[in-house]
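Peer 1: So that you have it, the file is entry.txt, and it contains compact mmCIF, C-alpha atoms:
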```txt
# COMPACT_ATOMS: atom_id res chain seq x y z
CA MET A 13 0.00 0.00 0.00
CA LYS A 14 1.22 3.49 -0.84
CA THR A 15 2.01 5.73 2.13
CA ALA A 16 1.62 9.48 2.48
CA LEU A 17 2.71 12.06 5.01
CA VAL A 18 -0.03 14.63 5.64
CA MET A 19 0.79 18.06 7.14
CA GLU A 20 -1.70 20.57 8.53
CA GLY A 21 -1.10 24.32 8.40
CA GLY A 22 -1.42 26.74 11.29
CA ALA A 23 1.25 29.40 10.70
CA MET A 24 3.83 29.24 13.51
CA ARG A 25 2.13 26.24 15.09
CA GLY A 26 3.96 24.57 12.22
CA MET A 27 7.08 24.52 14.39
CA PHE A 28 5.52 21.42 15.95
CA THR A 29 5.50 19.85 12.48
CA CYS A 30 9.13 20.87 11.95
CA GLY A 31 10.14 19.03 15.12
CA VAL A 32 8.39 15.89 13.92
CA LEU A 33 9.95 16.12 10.45
CA ASP A 34 13.47 16.54 11.77
CA VAL A 35 13.11 13.38 13.86
CA PHE A 36 11.93 11.59 10.73
CA LEU A 37 14.99 12.84 8.87
CA GLU A 38 17.29 11.79 11.71
CA ASN A 39 15.88 8.29 11.60
CA GLY A 40 15.37 7.69 7.89
CA VAL A 41 11.57 7.65 8.00
CA GLU A 42 10.31 7.88 4.41
CA PHE A 43 7.00 7.96 2.53
CA ASP A 44 5.83 7.48 -1.04
CA ALA A 45 4.35 10.99 -0.96
CA ALA A 46 4.01 14.00 1.29
CA GLY A 47 1.53 16.85 1.15
CA GLY A 48 1.11 20.11 3.00
CA ILE A 49 -1.31 22.96 3.35
CA SER A 50 -0.18 26.51 4.16
CA ALA A 51 2.58 26.24 6.79
CA GLY A 52 2.56 22.50 6.18
CA ALA A 53 3.69 23.25 2.63
CA ALA A 54 6.07 26.10 3.49
CA PHE A 55 7.88 24.10 6.16
CA GLY A 56 7.25 20.61 4.79
CA CYS A 57 9.31 21.25 1.67
CA ASN A 58 12.41 21.04 3.88
CA PHE A 59 11.59 17.39 4.54
CA ILE A 60 11.79 16.73 0.80
CA SER A 61 15.09 18.65 0.48
CA ARG A 62 16.34 16.74 3.55
CA GLN A 63 17.42 19.92 5.33
CA ARG A 64 17.12 18.93 8.95
CA GLY A 65 17.02 21.96 11.25
CA ARG A 66 16.58 24.56 8.52
CA ALA A 67 13.00 25.62 9.31
CA ILE A 68 13.49 26.12 13.05
CA ARG A 69 16.83 27.83 12.38
CA TYR A 70 15.56 30.52 10.02
CA ASN A 71 12.30 31.07 11.89
CA LYS A 72 14.13 31.74 15.15
CA LYS A 73 16.68 33.95 13.41
CA TYR A 74 14.23 36.08 11.41
CA CYS A 75 11.00 36.02 13.43
CA ASN A 76 11.65 39.60 14.54
CA ASP A 77 12.81 40.84 11.15
CA GLU A 78 10.17 43.25 9.83
CA ASN A 79 10.84 42.02 6.30
CA TYR A 80 9.86 38.50 7.30
CA CYS A 81 6.61 39.11 9.16
CA SER A 82 5.31 42.46 10.40
CA VAL A 83 2.55 45.01 10.16
CA ARG A 84 5.07 47.24 8.40
CA SER A 85 5.52 44.57 5.74
CA LEU A 86 1.73 44.37 5.35
CA ILE A 87 1.44 48.14 4.91
CA LYS A 88 4.46 48.40 2.63
CA THR A 89 3.95 45.33 0.43
CA GLY A 90 0.40 44.09 1.05
CA ASP A 91 1.74 40.85 2.54
CA LEU A 92 2.07 40.24 6.27
CA TYR A 93 4.76 37.69 5.46
CA GLY A 94 6.97 39.55 3.00
CA ALA A 95 6.79 37.61 -0.26
CA ASP A 96 10.14 38.71 -1.67
CA PHE A 97 11.93 38.05 1.60
CA CYS A 98 10.27 34.69 2.34
CA TYR A 99 10.30 33.20 -1.15
CA ARG A 100 13.40 34.72 -2.74
CA GLU A 101 15.92 36.31 -0.38
CA LEU A 102 15.61 33.69 2.34
CA PRO A 103 15.78 30.51 0.20
CA ASP A 104 18.18 31.94 -2.39
CA VAL A 105 20.61 33.93 -0.23
CA LEU A 106 20.19 33.93 3.55
CA ASP A 107 19.54 30.24 4.23
CA PRO A 108 19.69 28.46 0.85
CA PHE A 109 17.08 25.86 -0.01
CA ASP A 110 18.64 22.73 -1.51
CA ARG A 111 16.77 22.53 -4.80
CA LYS A 112 19.03 19.78 -6.10
CA ALA A 113 18.21 17.49 -3.19
CA PHE A 114 14.52 18.39 -3.51
CA ALA A 115 14.46 17.49 -7.20
CA GLU A 116 16.33 14.22 -6.65
CA ASN A 117 14.04 13.00 -3.85
CA THR A 118 11.65 10.36 -5.23
CA THR A 119 8.97 11.22 -2.64
CA GLU A 120 6.18 13.08 -4.43
CA PHE A 121 5.30 16.42 -2.81
CA TYR A 122 1.88 18.04 -3.15
CA VAL A 123 0.72 21.45 -2.01
CA GLY A 124 -2.86 22.68 -1.86
CA ALA A 125 -4.30 26.17 -2.36
CA THR A 126 -7.78 27.64 -2.82
CA ASP A 127 -9.03 28.84 -6.20
CA ALA A 128 -10.32 32.38 -5.62
CA ALA A 129 -12.72 32.08 -8.57
CA THR A 130 -14.50 28.98 -7.27
CA GLY A 131 -13.68 28.74 -3.58
CA LYS A 132 -12.54 25.15 -4.16
CA PRO A 133 -9.21 23.44 -3.45
CA VAL A 134 -6.62 22.86 -6.16
CA TYR A 135 -3.40 20.88 -5.85
CA HIS A 136 0.02 21.00 -7.46
CA LYS A 137 2.66 18.27 -7.56
CA CYS A 138 6.03 19.91 -7.11
CA SER A 139 8.91 18.87 -9.33
CA ASP A 140 12.18 20.69 -8.68
CA GLY A 141 11.67 23.22 -5.88
CA GLY A 142 12.12 26.01 -8.38
CA GLU A 143 10.30 29.27 -8.95
CA ARG A 144 7.02 27.68 -10.05
CA ASP A 145 6.90 25.29 -7.10
CA PHE A 146 7.67 28.13 -4.69
CA ALA A 147 4.88 30.20 -6.20
CA TRP A 148 2.47 27.37 -5.37
CA ILE A 149 3.88 27.07 -1.85
CA ARG A 150 3.45 30.81 -1.42
CA ALA A 151 -0.12 30.54 -2.70
CA SER A 152 -0.85 27.74 -0.24
CA ALA A 153 0.22 30.02 2.62
CA SER A 154 -1.32 33.30 1.37
CA MET A 155 -3.76 34.08 4.15
CA PRO A 156 -6.83 36.10 3.14
CA PHE A 157 -7.02 39.72 4.35
CA VAL A 158 -3.22 39.92 4.88
CA SER A 159 -1.78 38.55 1.62
CA HIS A 160 -1.95 39.17 -2.08
CA ALA A 161 -3.49 36.38 -4.11
CA VAL A 162 -0.97 34.46 -6.21
CA VAL A 163 -1.60 34.14 -9.96
CA ILE A 164 -0.08 30.96 -11.34
CA ASP A 165 -0.97 28.35 -13.98
CA GLY A 166 -4.22 30.09 -14.88
CA TYR A 167 -5.42 30.28 -11.27
CA THR A 168 -5.77 33.11 -8.77
CA LEU A 169 -4.95 31.42 -5.47
CA LEU A 170 -5.19 32.00 -1.73
CA ASP A 171 -4.48 29.95 1.39
CA GLY A 172 -5.23 26.25 1.03
CA GLY A 173 -6.54 26.12 4.59
CA ILE A 174 -9.66 28.03 3.53
CA CYS A 175 -11.01 24.73 2.14
CA ASP A 176 -8.78 21.88 3.28
CA ALA A 177 -7.14 21.74 6.69
CA THR A 178 -4.85 19.03 5.35
CA PRO A 179 -4.31 17.28 1.99
CA PHE A 180 -5.67 14.03 3.50
CA ASP A 181 -8.77 13.81 1.30
CA TYR A 182 -6.87 14.74 -1.85
CA LEU A 183 -4.07 12.23 -1.31
CA LYS A 184 -6.65 9.55 -0.61
CA SER A 185 -8.49 10.44 -3.82
CA ILE A 186 -5.35 9.89 -5.95
CA GLY A 187 -4.59 6.45 -4.60
CA TYR A 188 -2.69 6.72 -1.34
CA GLU A 189 -3.99 4.31 1.27
CA ARG A 190 -2.00 4.66 4.50
CA PHE A 191 -1.30 7.99 6.17
CA VAL A 192 0.84 9.53 8.87
CA VAL A 193 -0.95 12.78 9.74
CA ILE A 194 0.69 15.68 11.58
CA LEU A 195 -1.80 18.05 13.17
CA THR A 196 -0.91 21.31 14.90
CA ARG A 197 -3.87 21.36 17.28
CA PRO A 198 -4.65 18.75 19.94
CA ARG A 199 -6.88 15.81 19.15
CA GLY A 200 -10.53 16.64 19.59
CA TYR A 201 -10.15 20.33 18.80
CA ILE A 202 -13.40 21.75 17.47
CA LYS A 203 -13.14 24.82 15.25
CA LYS A 204 -15.78 27.47 15.82
CA LYS A 205 -17.14 29.87 13.26
CA SER A 206 -14.77 32.81 12.93
CA PRO A 207 -16.13 36.27 13.79
CA SER A 208 -14.24 37.58 10.75
CA ALA A 209 -16.61 35.65 8.52
CA LEU A 210 -19.18 38.34 9.22
CA PHE A 211 -16.98 40.90 7.47
CA SER A 212 -15.68 38.66 4.70
CA LYS A 213 -18.22 39.77 2.11
CA LEU A 214 -17.13 43.37 2.57
CA LEU A 215 -13.39 42.76 2.84
CA LEU A 216 -13.28 40.19 0.05
CA ARG A 217 -15.52 41.89 -2.48
CA ARG A 218 -13.20 40.79 -5.30
CA TYR A 219 -13.44 37.16 -4.20
CA PRO A 220 -17.03 36.34 -3.21
CA GLU A 221 -16.44 32.58 -3.43
CA ILE A 222 -13.62 32.90 -0.90
CA ALA A 223 -15.98 34.73 1.45
CA LYS A 224 -18.49 31.90 1.08
CA ALA A 225 -15.83 29.31 1.77
CA LEU A 226 -14.66 31.15 4.88
CA ALA A 227 -18.22 31.23 6.21
CA ILE A 228 -18.31 27.41 6.35
CA ARG A 229 -14.62 26.78 7.00
CA HIS A 230 -15.27 25.57 10.54
CA GLU A 231 -17.75 22.99 9.28
CA ARG A 232 -15.30 21.66 6.69
CA TYR A 233 -12.48 21.55 9.22
CA ASN A 234 -14.46 19.62 11.82
CA ALA A 235 -15.76 17.16 9.21
CA GLU A 236 -12.23 16.56 7.92
CA MET A 237 -10.87 15.93 11.42
CA LEU A 238 -13.66 13.41 11.94
CA ARG A 239 -12.70 11.58 8.73
CA ILE A 240 -9.08 11.45 9.84
CA ALA A 241 -10.07 10.13 13.27
CA ARG A 242 -12.20 7.41 11.71
CA SER A 243 -9.33 6.44 9.40
CA GLU A 244 -7.08 6.14 12.43
CA GLU A 245 -9.65 3.93 14.16
CA ALA A 246 -9.73 1.76 11.05
CA GLY A 247 -5.93 1.39 11.09
CA GLU A 248 -5.44 3.41 7.91
CA ALA A 249 -3.87 6.44 9.57
CA LEU A 250 -1.54 7.30 12.41
CA VAL A 251 -1.91 10.78 13.90
CA LEU A 252 0.67 12.92 15.69
CA ALA A 253 -0.67 16.00 17.47
CA PRO A 254 0.24 18.21 20.42
CA ARG A 255 -1.05 16.91 23.76
CA GLU A 256 -1.96 20.47 24.78
CA PRO A 257 -2.56 23.69 22.80
CA LEU A 258 0.74 25.12 21.59
CA ASP A 259 1.74 28.39 23.22
CA VAL A 260 2.54 30.14 19.96
CA LYS A 261 0.74 32.89 18.09
CA ARG A 262 0.12 32.65 14.36
CA THR A 263 2.74 35.40 13.98
CA GLU A 264 4.96 34.44 16.90
CA HIS A 265 8.00 36.68 17.51
CA ASP A 266 9.43 34.89 20.55
CA PRO A 267 12.22 32.49 19.49
CA GLU A 268 11.95 30.57 22.75
CA LYS A 269 8.26 29.80 22.14
CA LEU A 270 9.07 28.65 18.62
CA GLN A 271 11.75 26.36 20.04
CA ARG A 272 9.34 24.92 22.61
CA ALA A 273 6.77 24.13 19.93
CA TYR A 274 9.51 22.48 17.86
CA ASP A 275 10.75 20.48 20.85
CA THR A 276 7.19 19.35 21.57
CA GLY A 277 6.88 17.97 18.05
CA ALA A 278 10.28 16.29 18.23
CA ALA A 279 9.40 14.65 21.55
CA GLU A 280 6.09 13.37 20.18
CA ALA A 281 7.82 11.87 17.15
CA ARG A 282 10.53 10.19 19.23
CA GLU A 283 7.96 8.71 21.57
CA LYS A 284 6.00 7.23 18.66
CA LEU A 285 8.96 6.36 16.44
CA ASP A 286 8.67 2.59 16.89
CA GLU A 287 4.93 2.75 16.29
CA ILE A 288 5.46 4.80 13.13
CA ARG A 289 8.08 2.39 11.81
CA ALA A 290 5.80 -0.58 12.48
CA PHE A 291 2.91 1.18 10.77
CA LEU A 292 4.98 1.92 7.66
CA GLN A 293 6.49 -1.56 7.60
CA GLN A 294 3.02 -3.07 7.75
CA SER A 295 2.04 -0.87 4.78
CA LYS A 296 4.74 -2.56 2.70
CA LEU A 297 3.34 -5.98 3.51
CA LEU A 298 -0.30 -5.23 2.72
```
Show the structure stored in the file as structure tokens.
Peer 2:
Amino acid sequence: MKTALVMEGGAMRGMFTCGVLDVFLENGVEFDAAGGISAGAAFGCNFISRQRGRAIRYNKKYCNDENYCSVRSLIKTGDLYGADFCYRELPDVLDPFDRKAFAENTTEFYVGATDAATGKPVYHKCSDGGERDFAWIRASASMPFVSHAVVIDGYTLLDGGICDATPFDYLKSIGYERFVVILTRPRGYIKKKSPSALFSKLLLRRYPEIAKALAIRHERYNAEMLRIARSEEAGEALVLAPREPLDVKRTEHDPEKLQRAYDTGAAEAREKLDEIRAFLQQSKLL
């Protein structure tokens, strides 16, 4: 059976995911495919390029850099997370992304975004970690209200988390059968309707389908978490999640809090490492 690694978004809660991924890299844990939404895509690409420690390193170093994430960046560029800094200067100059290793990795990597014209999810299979792939990763993490939409491959795209909390359903639909799922909220978390949904029609006049999708985002999220839980009960999935809510803001500027979230993920992965290996080994035998 084909295995897939599934990564939820959650902005800086994604440091939990980074801790898990680095333990996987340390221990040679591999999958047939991996997929991420939003921060799951932006940080998960380092798993494919096999750059253990890169995500926690640059996030701690630049979390207080106004070019990385700040209200000033939002006012100046229209993006809370500065697009040029995050997707060009950082991976090309400051902390280089290993595109060669990414391209050579046989694990397929998928990222999901939301089509602004339809309010529905769309997915892209990355190939070489180049400019086009990074545009899709940026699109996947382009939060409404605080980011420009990304125009690529005939789509106008915003954050994948508007529709899909994870790429679980998509990866299942294209033939993957066994899943290790990394969530960034504790098991049993129930998303409530966001108060911002009341203002979405006004603030997103250009994208009415996005406003509609945001209005029912909590319903989609909760239904997806239920499907994942049922898959775990059926033995088709193995879930890693924080035991308690992570003490990090979506735009966290405290390096120590980022490190704690990372360490929490690493500890969870180490504790379940034997279980994960057994689960993946069983997948090969089925």
Peer 1: Between CA of Thr119 in chain A and CA of Phe43 in chain A, what is the distance in Å, rounded to a tenth?
Peer 2: 6.4 Å
Peer 1: Considering all atoms listed in the file, can you say which of A:Thr178, A:Gln293, A:Thr126, A:Thr263 comes closest to Cys81 in chain A?
Peer 2: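 Using all atoms listed in the file, the shortest distance to Cys81 in chain A belongs to A:Thr263.
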Peer 1: I want to know what sits within 12 Å of Glu231 in chain A, based on all atoms listed in the file, with residues of the same chain fewer than 2 positions away left out; could you give that as a list in words?
Peer 2: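 My list of contacting residues is Ile174, Cys175, Asp176, Ala177, Ile202, Lys203, Lys204, Lys205, Ser206, Ala225, Leu226, Ala227, Ile228, Arg229, Tyr233, Asn234, Ala235, Glu236, Met237 and Leu238 of chain A.
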Peer 1: From the options A:Arg197, A:Arg64, A:Arg232, A:Arg69, which residue's atoms come nearest to Val260 in chain A, counting all atoms listed in the file?
Peer 2: A:Arg197
Peer 1: Find the residue from A:Tyr182, A:Tyr122, A:Tyr219, A:Phe28 that sits nearest to Gly47 in chain A; use only C-alpha atoms when measuring.
Peer 2: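 Checking each of A:Tyr182, A:Tyr122, A:Tyr219, A:Phe28 against Gly47 in chain A, counting only C-alpha atoms, the winner is A:Tyr122.
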